[in-house]
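A.B. asks: If it helps, the file is called protein-v8.txt and holds compact mmCIF, C-alpha atoms:
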```
# COMPACT_ATOMS: atom_id res chain seq x y z
CA MET J 5 9.93 59.74 125.98
CA SER J 6 13.61 60.09 125.11
CA ALA J 7 16.42 60.14 127.66
CA SER J 8 17.07 63.80 126.85
CA GLN J 9 13.58 64.68 128.13
CA THR J 10 13.98 63.15 131.60
CA SER J 11 15.39 66.12 133.54
CA ASP J 12 12.27 66.35 135.72
CA ALA J 13 10.44 63.19 134.67
CA PRO J 14 10.06 60.15 136.95
CA THR J 15 12.84 57.59 136.56
CA LEU J 16 13.76 54.25 138.06
CA LEU J 17 17.21 53.34 139.37
CA VAL J 18 17.63 49.59 138.87
CA LYS J 19 20.51 48.10 140.90
CA ILE J 20 21.72 44.53 140.41
CA PHE J 21 24.45 43.03 142.57
CA GLY J 22 25.94 39.61 143.07
CA ARG J 23 28.57 37.25 141.65
CA ASP J 24 29.81 38.43 138.26
CA ARG J 25 29.60 36.19 135.21
CA PRO J 26 28.96 36.61 131.49
CA GLY J 27 25.44 37.53 130.43
CA ILE J 28 24.24 39.55 133.42
CA THR J 29 24.22 42.92 131.68
CA ALA J 30 22.62 41.56 128.53
CA GLY J 31 20.05 39.69 130.59
CA LEU J 32 19.02 42.77 132.57
CA PHE J 33 18.52 44.91 129.50
CA ASP J 34 16.68 42.12 127.67
CA THR J 35 14.30 42.09 130.62
CA LEU J 36 13.89 45.87 130.59
CA ALA J 37 13.42 45.95 126.80
CA ASP J 38 10.04 44.24 127.18
CA TYR J 39 8.80 47.40 128.93
CA SER J 40 9.92 49.93 126.27
CA VAL J 41 12.00 52.03 128.67
CA ASP J 42 14.79 54.39 127.65
CA VAL J 43 18.24 54.15 129.19
CA VAL J 44 19.29 57.41 130.87
CA ASP J 45 22.52 56.25 132.55
CA ILE J 46 24.50 53.06 133.20
CA GLU J 47 27.25 52.31 135.69
CA GLN J 48 28.90 48.95 136.28
CA VAL J 49 31.69 47.98 138.69
CA VAL J 50 33.27 44.59 139.40
CA THR J 51 35.32 44.18 142.58
CA ARG J 52 36.80 40.82 143.55
CA GLY J 53 34.32 39.06 141.31
CA ARG J 54 31.27 40.85 142.72
CA LEU J 55 29.25 42.96 140.30
CA VAL J 56 27.24 46.11 140.96
CA LEU J 57 25.24 47.16 137.90
CA CYS J 58 23.11 50.31 137.98
CA ALA J 59 20.71 51.33 135.22
CA LEU J 60 18.75 54.57 135.32
CA VAL J 61 15.69 54.21 133.07
CA THR J 62 12.47 56.02 132.27
CA LEU J 63 9.15 54.74 133.58
CA PRO J 64 7.48 52.14 131.36
CA PRO J 65 4.43 53.43 129.47
CA GLY J 66 0.94 52.22 130.23
CA GLY J 67 1.31 52.13 134.02
CA ARG J 68 3.41 48.95 133.94
CA GLU J 69 5.88 49.96 136.65
CA GLY J 70 4.62 47.28 139.02
CA ASP J 71 5.02 44.57 136.40
CA LEU J 72 8.54 45.79 135.59
CA ARG J 73 9.55 45.65 139.25
CA ALA J 74 8.22 42.12 139.68
CA THR J 75 9.80 40.88 136.46
CA VAL J 76 13.24 42.34 137.32
CA HIS J 77 13.17 40.83 140.80
CA ASN J 78 12.16 37.43 139.40
CA TRP J 79 14.89 37.57 136.75
CA ALA J 80 17.51 38.56 139.36
CA GLU J 81 16.45 35.69 141.62
CA SER J 82 16.71 33.25 138.73
CA MET J 83 20.30 34.46 138.16
CA LYS J 84 21.08 34.19 141.88
CA MET J 85 21.49 37.98 142.01
CA GLN J 86 19.86 40.64 144.14
CA ALA J 87 17.85 43.58 142.81
CA GLU J 88 16.85 46.95 144.19
CA ILE J 89 14.64 49.44 142.34
CA ILE J 90 14.39 53.05 143.54
CA SER J 91 11.95 55.65 142.24
CA GLY J 92 13.08 59.22 141.67
CA LEU J 93 13.08 62.19 139.34
CA GLY J 94 15.36 62.84 136.41
CA ASP J 95 19.06 62.18 135.99
CA ASN J 96 22.07 62.80 138.24
CA ARG J 97 22.26 66.32 139.64
CA PRO J 98 24.63 68.57 137.69
CA ARG J 99 28.26 68.42 138.81
CA GLY J 100 29.65 71.52 140.44
CA LEU J 101 32.04 73.87 138.69
CA GLY J 102 35.71 73.14 139.08
CA ARG J 103 36.63 69.59 138.14
CA SER J 104 39.75 67.75 139.15
CA LEU J 105 41.32 64.33 139.04
CA VAL J 106 43.04 63.35 142.27
CA THR J 107 45.46 60.43 142.00
CA VAL J 108 46.52 58.75 145.24
CA LEU J 109 49.47 56.34 145.44
CA GLY J 110 50.01 54.20 148.51
CA HIS J 111 52.07 51.18 149.51
CA PRO J 112 49.84 50.18 151.14
CA LEU J 113 46.84 52.47 150.73
CA THR J 114 45.23 52.30 154.15
CA ALA J 115 41.62 52.93 155.12
CA GLU J 116 42.80 55.74 157.41
CA SER J 117 44.64 57.60 154.67
CA THR J 118 41.72 57.16 152.26
CA ALA J 119 39.28 58.49 154.86
CA ARG J 120 41.40 61.55 155.62
CA ILE J 121 41.94 62.38 151.96
CA ALA J 122 38.21 62.06 151.28
CA ALA J 123 37.43 64.27 154.29
CA ARG J 124 39.91 66.89 153.10
CA ILE J 125 38.28 66.92 149.65
CA THR J 126 34.89 67.44 151.27
CA ALA J 127 36.26 70.23 153.48
CA THR J 128 37.27 72.21 150.37
CA GLY J 129 33.69 72.03 149.07
CA GLY J 130 34.47 69.23 146.64
CA ASN J 131 32.28 66.25 145.85
CA ILE J 132 33.72 62.85 144.92
CA ASP J 133 31.85 61.76 141.81
CA ARG J 134 33.72 58.57 141.02
CA ILE J 135 36.64 56.48 142.27
CA PHE J 136 38.61 54.17 140.00
CA ARG J 137 41.60 51.92 140.67
CA LEU J 138 44.49 52.47 138.27
CA ALA J 139 46.92 49.89 139.62
CA LYS J 140 47.30 47.33 142.38
CA TYR J 141 51.09 46.89 142.09
CA PRO J 142 53.86 47.82 142.57
CA VAL J 143 51.76 50.42 144.40
CA THR J 144 48.05 50.85 144.87
CA ALA J 145 46.90 53.76 142.71
CA VAL J 146 43.35 55.14 142.74
CA GLU J 147 41.83 58.12 140.98
CA PHE J 148 39.11 60.34 142.44
CA ALA J 149 37.00 62.42 140.04
CA VAL J 150 36.10 65.53 142.03
CA SER J 151 33.80 68.45 141.23
CA GLY J 152 32.82 71.61 143.03
CA THR J 153 36.27 73.00 143.87
CA GLU J 154 39.22 74.33 141.89
CA PRO J 155 42.31 72.15 141.30
CA GLU J 156 44.69 74.62 143.00
CA THR J 157 42.48 74.71 146.09
CA LEU J 158 42.47 70.93 146.24
CA ARG J 159 46.21 70.67 145.65
CA THR J 160 46.99 73.08 148.47
CA ALA J 161 44.68 71.23 150.85
CA LEU J 162 45.98 67.77 150.03
CA VAL J 163 49.75 68.33 149.94
CA THR J 164 50.14 68.65 153.70
CA GLU J 165 47.68 65.83 154.37
CA SER J 166 49.42 63.43 152.00
CA ALA J 167 52.85 64.03 153.54
CA ALA J 168 51.50 63.31 157.01
CA LEU J 169 49.86 60.09 155.81
CA GLY J 170 52.82 58.77 153.84
CA VAL J 171 50.96 58.63 150.52
CA ASP J 172 51.52 60.54 147.29
CA VAL J 173 48.73 62.72 145.88
CA ALA J 174 48.58 64.45 142.50
CA VAL J 175 45.84 66.90 141.49
CA VAL J 176 45.27 67.87 137.87
CA ALA J 177 42.43 69.68 136.17
CA ALA J 178 39.97 67.39 134.40
CA GLY J 179 39.07 68.03 130.78
CA LEU J 180 39.92 67.24 127.19
CA HIS J 181 43.57 68.18 127.70
CA ARG J 182 44.01 64.95 129.68
CA ARG J 183 43.73 63.08 126.37
CA ALA J 184 45.84 65.51 124.36
CA GLN J 185 49.38 64.96 123.17
CA ARG J 186 51.93 65.79 125.82
CA LEU J 187 55.62 66.40 126.23
CA VAL J 188 57.36 64.70 129.15
CA VAL J 189 60.81 65.99 130.13
CA MET J 190 62.94 64.27 132.76
CA ASP J 191 66.04 64.98 134.71
CA VAL J 192 68.62 62.22 134.25
CA ASP J 193 70.79 61.68 137.33
CA SER J 194 68.82 59.97 140.14
CA THR J 195 65.66 60.25 138.05
CA LEU J 196 65.90 58.47 134.69
CA ILE J 197 68.98 56.65 135.98
CA GLN J 198 69.95 55.53 139.47
CA ASP J 199 73.39 57.09 139.31
CA GLU J 200 75.05 60.49 139.44
CA VAL J 201 77.08 60.45 136.23
CA ILE J 202 79.82 62.75 137.47
CA GLU J 203 80.40 60.37 140.37
CA LEU J 204 80.85 57.51 137.90
CA PHE J 205 83.52 59.55 136.15
CA ALA J 206 85.04 60.50 139.50
CA ALA J 207 85.37 56.86 140.51
CA HIS J 208 87.71 56.37 137.55
CA ALA J 209 89.66 59.49 138.56
CA GLY J 210 89.99 58.40 142.20
CA CYS J 211 88.12 61.44 143.55
CA GLU J 212 84.65 60.00 144.05
CA LYS J 213 84.30 61.08 147.68
CA GLU J 214 85.20 64.70 147.00
CA VAL J 215 82.81 64.92 144.03
CA ALA J 216 79.97 63.21 145.91
CA GLU J 217 80.17 65.75 148.72
CA VAL J 218 79.93 68.68 146.32
CA THR J 219 77.11 67.00 144.36
CA ALA J 220 75.04 66.41 147.50
CA ALA J 221 75.42 70.03 148.62
CA ALA J 222 74.42 71.30 145.16
CA MET J 223 71.33 69.08 145.02
CA ARG J 224 70.25 70.40 148.42
CA GLY J 225 70.46 73.92 147.02
CA GLU J 226 73.37 74.87 149.27
CA LEU J 227 75.75 75.69 146.42
CA ASP J 228 75.48 77.53 143.13
CA PHE J 229 75.15 74.79 140.52
CA GLU J 230 77.45 76.29 137.91
CA GLN J 231 80.24 76.88 140.40
CA SER J 232 79.88 73.37 141.79
CA LEU J 233 79.85 71.93 138.26
CA HIS J 234 83.15 73.59 137.35
CA ALA J 235 84.70 72.53 140.67
CA ARG J 236 83.73 68.89 140.19
CA VAL J 237 84.67 68.69 136.52
CA ALA J 238 88.10 70.17 137.29
CA LEU J 239 88.82 67.06 139.34
CA LEU J 240 88.47 64.94 136.18
CA GLU J 241 91.36 66.62 134.36
CA GLY J 242 93.65 64.14 132.64
CA LEU J 243 91.21 61.22 132.48
CA ASP J 244 91.52 59.22 129.27
CA ALA J 245 88.55 59.69 126.91
CA SER J 246 88.07 55.92 126.80
CA VAL J 247 86.45 56.26 130.22
CA VAL J 248 83.31 57.56 128.48
CA GLU J 249 82.42 54.10 127.16
CA LYS J 250 83.08 52.58 130.58
CA VAL J 251 80.75 55.07 132.26
CA ARG J 252 78.03 54.45 129.66
CA SER J 253 78.18 50.74 130.45
CA GLU J 254 77.91 51.44 134.20
CA VAL J 255 74.77 53.57 133.98
CA ARG J 256 71.76 51.85 135.59
CA LEU J 257 68.28 52.83 134.49
CA THR J 258 65.77 53.47 137.25
CA PRO J 259 63.26 50.59 137.61
CA GLY J 260 60.27 51.33 135.39
CA ALA J 261 62.16 53.78 133.15
CA ARG J 262 61.86 51.69 129.99
CA THR J 263 58.19 50.97 130.70
CA LEU J 264 57.48 54.67 131.23
CA ILE J 265 59.16 55.77 128.01
CA ARG J 266 57.80 52.89 125.92
CA THR J 267 54.24 53.59 127.10
CA LEU J 268 54.51 57.34 126.61
CA LYS J 269 55.72 56.81 123.05
CA ARG J 270 52.81 54.46 122.35
CA LEU J 271 50.46 57.20 123.52
CA GLY J 272 51.99 59.55 120.97
CA PHE J 273 53.76 61.65 123.59
CA GLN J 274 57.17 63.17 122.99
CA VAL J 275 59.84 62.49 125.60
CA GLY J 276 63.03 64.33 126.41
CA VAL J 277 65.74 64.66 129.02
CA VAL J 278 67.63 67.64 130.38
CA SER J 279 70.63 67.11 132.58
CA GLY J 280 73.27 68.89 134.56
CA GLY J 281 75.34 65.86 133.60
CA PHE J 282 77.01 65.31 130.27
CA THR J 283 76.09 64.81 126.63
CA GLN J 284 78.62 61.99 126.51
CA VAL J 285 76.00 59.98 128.42
CA THR J 286 72.68 61.63 127.48
CA ASP J 287 73.32 61.24 123.74
CA ASP J 288 73.75 57.52 124.30
CA LEU J 289 70.53 57.37 126.36
CA ARG J 290 68.68 59.26 123.65
CA GLU J 291 69.68 56.67 121.07
CA ARG J 292 69.07 53.64 123.30
CA LEU J 293 65.66 54.77 124.54
CA GLY J 294 64.35 56.53 121.44
CA LEU J 295 64.05 59.92 123.11
CA ASP J 296 62.91 62.92 121.10
CA PHE J 297 65.02 65.52 122.92
CA ALA J 298 68.20 65.50 124.99
CA GLN J 299 70.37 68.32 126.30
CA ALA J 300 73.18 68.38 128.85
CA ASN J 301 76.60 69.86 129.51
CA THR J 302 79.55 68.69 127.41
CA LEU J 303 82.89 67.60 128.80
CA GLU J 304 85.79 69.04 126.82
CA ILE J 305 88.10 66.41 125.35
CA VAL J 306 91.42 67.40 123.77
CA GLY J 307 94.04 64.97 122.55
CA GLY J 308 92.09 62.00 123.88
CA LYS J 309 91.99 63.40 127.43
CA LEU J 310 89.40 65.19 129.56
CA THR J 311 90.57 68.76 130.14
CA GLY J 312 88.63 69.32 133.35
CA ARG J 313 86.40 71.87 131.63
CA VAL J 314 82.93 71.96 130.05
CA VAL J 315 82.18 73.65 126.76
CA GLY J 316 79.06 75.37 125.44
CA GLU J 317 75.94 76.58 127.24
CA ILE J 318 75.68 75.43 130.84
CA VAL J 319 72.56 73.47 131.71
CA ASP J 320 71.75 74.66 135.21
CA ARG J 321 68.53 75.28 137.13
CA ALA J 322 67.36 78.15 134.91
CA GLY J 323 68.67 76.37 131.82
CA LYS J 324 66.47 73.35 132.44
CA ALA J 325 63.36 75.54 132.47
CA ARG J 326 64.49 77.27 129.27
CA LEU J 327 65.02 73.90 127.60
CA LEU J 328 61.58 72.70 128.68
CA ARG J 329 60.06 75.73 126.95
CA ARG J 330 62.24 75.20 123.89
CA PHE J 331 61.34 71.52 123.60
CA ALA J 332 57.65 72.36 124.01
CA ALA J 333 57.84 74.93 121.21
CA GLU J 334 59.64 72.48 118.93
CA ALA J 335 57.14 69.73 119.75
CA GLY J 336 54.16 72.04 119.19
CA VAL J 337 52.86 71.28 122.69
CA PRO J 338 51.48 74.06 124.94
CA LEU J 339 53.46 74.49 128.15
CA ALA J 340 50.34 73.57 130.11
CA GLN J 341 50.52 70.14 128.45
CA THR J 342 54.05 69.43 129.62
CA VAL J 343 55.14 67.14 132.43
CA ALA J 344 58.51 67.59 134.12
CA ILE J 345 60.11 65.02 136.43
CA GLY J 346 63.12 65.62 138.65
CA ASP J 347 64.66 65.11 142.06
CA GLY J 348 67.06 67.97 142.80
CA ALA J 349 66.96 71.67 143.62
CA ASN J 350 68.26 72.46 140.13
CA ASP J 351 65.06 70.91 138.73
CA LEU J 352 62.73 73.29 140.57
CA ASP J 353 62.37 75.95 137.87
CA MET J 354 61.56 73.25 135.32
CA LEU J 355 59.07 71.55 137.63
CA ASN J 356 57.27 74.81 138.34
CA ALA J 357 57.22 75.86 134.67
CA ALA J 358 55.58 72.61 133.53
CA GLY J 359 51.87 71.96 133.50
CA LEU J 360 52.59 69.13 135.96
CA GLY J 361 55.83 69.03 137.94
CA VAL J 362 56.62 65.68 139.58
CA ALA J 363 59.24 65.43 142.32
CA PHE J 364 60.58 61.88 142.02
CA ASN J 365 62.14 60.49 145.22
CA ALA J 366 63.24 64.05 145.74
CA LYS J 367 64.95 66.09 148.40
CA PRO J 368 62.57 67.74 150.92
CA VAL J 369 62.95 71.22 149.40
CA VAL J 370 61.89 69.82 146.02
CA ARG J 371 58.94 67.82 147.35
CA GLU J 372 57.57 70.91 149.08
CA ALA J 373 57.79 73.10 145.98
CA ALA J 374 56.66 70.70 143.22
CA HIS J 375 53.04 70.16 142.12
CA THR J 376 53.19 66.57 143.32
CA ALA J 377 55.67 64.01 144.59
CA VAL J 378 56.25 60.32 143.91
CA ASN J 379 58.19 58.62 146.68
CA PHE J 380 58.31 55.10 145.27
CA PRO J 381 61.38 53.73 143.45
CA PHE J 382 59.50 52.94 140.24
CA LEU J 383 59.56 55.58 137.52
CA ASP J 384 56.57 54.12 135.68
CA THR J 385 54.29 55.10 138.58
CA VAL J 386 54.24 58.51 136.89
CA LEU J 387 51.94 56.91 134.31
CA TYR J 388 49.20 56.69 136.93
CA LEU J 389 49.32 60.46 137.37
CA LEU J 390 48.42 60.67 133.68
CA GLY J 391 45.45 58.31 134.08
CA VAL J 392 47.14 55.30 132.47
CA THR J 393 46.28 52.03 134.20
CA ARG J 394 48.61 49.10 134.90
CA GLU J 395 46.27 46.83 132.90
CA GLU J 396 46.59 49.11 129.85
CA VAL J 397 50.39 49.02 130.09
CA GLU J 398 50.47 45.23 130.35
CA ALA J 399 47.95 44.76 127.54
CA ALA J 400 50.04 46.94 125.23
CA ASP J 401 53.17 44.98 126.08
CA MET J 402 51.43 41.67 125.40
CA HIS J 403 50.12 42.98 122.07
CA ASP J 404 53.62 43.93 120.99
CA GLU J 405 54.90 40.47 121.93
CA ASP J 406 52.21 38.87 119.80
CA VAL J 407 52.90 41.02 116.74
```
Show me the file's structure as structure tokens.

C.D. replies:
Amino acid sequence: MSASQTSDAPTLLVKIFGRDRPGITAGLFDTLADYSVDVVDIEQVVTRGRLVLCALVTLPPGGREGDLRATVHNWAESMKMQAEIISGLGDNRPRGLGRSLVTVLGHPLTAESTARIAARITATGGNIDRIFRLAKYPVTAVEFAVSGTEPETLRTALVTESAALGVDVAVVAAGLHRRAQRLVVMDVDSTLIQDEVIELFAAHAGCEKEVAEVTAAAMRGELDFEQSLHARVALLEGLDASVVEKVRSEVRLTPGARTLIRTLKRLGFQVGVVSGGFTQVTDDLRERLGLDFAQANTLEIVGGKLTGRVVGEIVDRAGKARLLRRFAAEAGVPLAQTVAIGDGANDLDMLNAAGLGVAFNAKPVVREAAHTAVNFPFLDTVLYLLGVTREEVEAADMHDEDV
């Protein structure tokens, strides 16, 4: 009997658990091979050196089930393992419609928060089919594969719960698109970099405090961005153009930024930035980091001096969303396959237009409106939302070092 014919046929679930070491899996299936069974399903997990190996197999022909049970138990005992064999019918029950991947980030991830998230999933009608750890540092990241409820329903249910528990939760639809090429577009100030670029310029002009106050109000959504931009840039009038190089040297990348971009590029993703800041800085970042796209405002320079004006199309809240769509079209990536990352109110249109909008260490108004939020100071944690594990990142880095 083939595995494809076992939907209603008797099957045996063989469970082996104990200390992990090489040869256990091969040994179990060598033992089972003597009974001419077919393998219907296999699952193996190792946690802190302890192995749980499950094999779902057909019944052995010729009424030899009793012999198989005795032989497996004897083999397990000889390997200092434990065995359990459970009779049943067929394979796993079909998964419900509506499939999602729920990523949970915690530092730490407590038993209480895990219990409440699992209970909330159940309350929506969802079933947790599998749980997998993506990373253990700098945060604990786990992924729940859920079926039986729609992603939007889950996202709505989990957003409030996650905020109350102090963990970050992202919900995305499961499917082939998870493995498809993507476009990732980031804000720059306080996202890709730790600084607000206009404040770096303002420090050289002696008006840092005044600019910082206007910037903070704009990011909270209290001021029209374009008006605030013109007001702040006007304070820079007369600065020598040589300050551009000084500001470039002062820019500090957010921890994990290089790792995020390097890993995304290895995956074949395209990466871009959009900024309410200035091309005098974003063009340099594009070259340094190997970005595919970059767009920002441009400070006007005449006669070697900043004029206190910007030239060209203004990149504001609506402009960022337009640029996301433009970059996606140029990259040949459907909008549903885009990821946008930002922290301020002027990022909201872009975050909502993307297939996945990530509020990164964002203001409250942004966290509430985005698809998901990351409240840890490491930009590469976004990789976990895409299903990339910390081990995969480190293995790729080691491979490059060896080449």

A.B. asks: With all atoms listed in the file as the basis for distance, which of J:Val50, J:Ile90, J:Ser279, J:Ser40 is at the shortest distance from Gly22 (chain J)?

C.D. replies: J:Val50

A.B. asks: Kindly indicate which residue among J:Thr15, J:Asn350, J:Thr29, J:Gln198 lies nearest to Gly94 (chain J), using only C-alpha atoms for the distances.

C.D. replies: J:Thr15

A.B. asks: Using all atoms listed in the file, can you tell me which of J:Thr126, J:Val319, J:Ile197, J:Tyr141 comes closest to Phe364 (chain J)?

C.D. replies: J:Ile197

A.B. asks: Residues within 9 Å of Asp193 (chain J), please, as number ranges by chain. Count only C-alpha atoms; anything in the same chain fewer than 5 positions from it doesn't count.

C.D. replies: J: 198-201, 279-281, 346-347

A.B. asks: Counting all atoms listed in the file, which of J:Phe148, J:Phe205, J:Phe33, J:Phe229 gets nearest to Gly323 (chain J)?

C.D. replies: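 For Gly323 (chain J), the nearest of the given residues is J:Phe229.
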
A.B. asks: Mind writing region 18-40 of chain J to a file for me, with N, CA and C atoms, as a PDB file, in the first residue's frame?

C.D. replies:
```
ATOM      1  N   VAL J  18       4.758   6.313  15.319  1.00  0.00           N
ATOM      2  CA  VAL J  18       5.912   5.856  16.098  1.00  0.00           C
ATOM      3  C   VAL J  18       6.637   7.078  16.633  1.00  0.00           C
ATOM      4  N   LYS J  19       6.719   7.201  17.962  1.00  0.00           N
ATOM      5  CA  LYS J  19       7.370   8.358  18.591  1.00  0.00           C
ATOM      6  C   LYS J  19       8.611   7.886  19.344  1.00  0.00           C
ATOM      7  N   ILE J  20       9.724   8.534  19.079  1.00  0.00           N
ATOM      8  CA  ILE J  20      10.986   8.236  19.745  1.00  0.00           C
ATOM      9  C   ILE J  20      11.464   9.503  20.423  1.00  0.00           C
ATOM     10  N   PHE J  21      11.840   9.420  21.696  1.00  0.00           N
ATOM     11  CA  PHE J  21      12.336  10.622  22.365  1.00  0.00           C
ATOM     12  C   PHE J  21      13.438  10.243  23.352  1.00  0.00           C
ATOM     13  N   GLY J  22      14.378  11.182  23.473  1.00  0.00           N
ATOM     14  CA  GLY J  22      15.530  10.960  24.342  1.00  0.00           C
ATOM     15  C   GLY J  22      16.676  11.861  23.925  1.00  0.00           C
ATOM     16  N   ARG J  23      17.888  11.569  24.428  1.00  0.00           N
ATOM     17  CA  ARG J  23      19.040  12.406  24.129  1.00  0.00           C
ATOM     18  C   ARG J  23      19.426  12.277  22.661  1.00  0.00           C
ATOM     19  N   ASP J  24      19.591  13.413  22.003  1.00  0.00           N
ATOM     20  CA  ASP J  24      19.916  13.411  20.575  1.00  0.00           C
ATOM     21  C   ASP J  24      21.376  13.048  20.350  1.00  0.00           C
ATOM     22  N   ARG J  25      21.610  12.300  19.285  1.00  0.00           N
ATOM     23  CA  ARG J  25      22.972  12.001  18.841  1.00  0.00           C
ATOM     24  C   ARG J  25      22.886  11.450  17.425  1.00  0.00           C
ATOM     25  N   PRO J  26      23.969  11.447  16.699  1.00  0.00           N
ATOM     26  CA  PRO J  26      23.932  10.957  15.317  1.00  0.00           C
ATOM     27  C   PRO J  26      23.472   9.501  15.244  1.00  0.00           C
ATOM     28  N   GLY J  27      22.697   9.190  14.207  1.00  0.00           N
ATOM     29  CA  GLY J  27      22.323   7.807  13.934  1.00  0.00           C
ATOM     30  C   GLY J  27      20.952   7.393  14.401  1.00  0.00           C
ATOM     31  N   ILE J  28      20.266   8.233  15.189  1.00  0.00           N
ATOM     32  CA  ILE J  28      18.961   7.838  15.716  1.00  0.00           C
ATOM     33  C   ILE J  28      17.932   7.697  14.586  1.00  0.00           C
ATOM     34  N   THR J  29      17.852   8.702  13.734  1.00  0.00           N
ATOM     35  CA  THR J  29      16.866   8.656  12.656  1.00  0.00           C
ATOM     36  C   THR J  29      17.125   7.492  11.711  1.00  0.00           C
ATOM     37  N   ALA J  30      18.380   7.334  11.319  1.00  0.00           N
ATOM     38  CA  ALA J  30      18.721   6.220  10.428  1.00  0.00           C
ATOM     39  C   ALA J  30      18.411   4.887  11.090  1.00  0.00           C
ATOM     40  N   GLY J  31      18.716   4.788  12.377  1.00  0.00           N
ATOM     41  CA  GLY J  31      18.481   3.531  13.090  1.00  0.00           C
ATOM     42  C   GLY J  31      17.016   3.168  13.162  1.00  0.00           C
ATOM     43  N   LEU J  32      16.160   4.181  13.421  1.00  0.00           N
ATOM     44  CA  LEU J  32      14.721   3.904  13.494  1.00  0.00           C
ATOM     45  C   LEU J  32      14.214   3.383  12.153  1.00  0.00           C
ATOM     46  N   PHE J  33      14.591   4.062  11.074  1.00  0.00           N
ATOM     47  CA  PHE J  33      14.037   3.659   9.784  1.00  0.00           C
ATOM     48  C   PHE J  33      14.669   2.365   9.251  1.00  0.00           C
ATOM     49  N   ASP J  34      15.885   2.066   9.661  1.00  0.00           N
ATOM     50  CA  ASP J  34      16.445   0.739   9.377  1.00  0.00           C
ATOM     51  C   ASP J  34      15.600  -0.340  10.046  1.00  0.00           C
ATOM     52  N   THR J  35      15.198  -0.075  11.276  1.00  0.00           N
ATOM     53  CA  THR J  35      14.369  -1.021  12.021  1.00  0.00           C
ATOM     54  C   THR J  35      13.005  -1.188  11.353  1.00  0.00           C
ATOM     55  N   LEU J  36      12.400  -0.098  10.940  1.00  0.00           N
ATOM     56  CA  LEU J  36      11.091  -0.160  10.308  1.00  0.00           C
ATOM     57  C   LEU J  36      11.159  -0.799   8.923  1.00  0.00           C
ATOM     58  N   ALA J  37      12.292  -0.637   8.244  1.00  0.00           N
ATOM     59  CA  ALA J  37      12.426  -1.172   6.879  1.00  0.00           C
ATOM     60  C   ALA J  37      12.254  -2.675   6.843  1.00  0.00           C
ATOM     61  N   ASP J  38      12.597  -3.365   7.914  1.00  0.00           N
ATOM     62  CA  ASP J  38      12.456  -4.822   7.957  1.00  0.00           C
ATOM     63  C   ASP J  38      10.993  -5.251   7.881  1.00  0.00           C
ATOM     64  N   TYR J  39      10.064  -4.301   8.087  1.00  0.00           N
ATOM     65  CA  TYR J  39       8.641  -4.652   8.112  1.00  0.00           C
ATOM     66  C   TYR J  39       7.891  -4.116   6.886  1.00  0.00           C
ATOM     67  N   SER J  40       8.625  -3.612   5.895  1.00  0.00           N
ATOM     68  CA  SER J  40       8.047  -3.193   4.610  1.00  0.00           C
ATOM     69  C   SER J  40       6.906  -2.186   4.766  1.00  0.00           C
TER      70      SER J  40
END
```
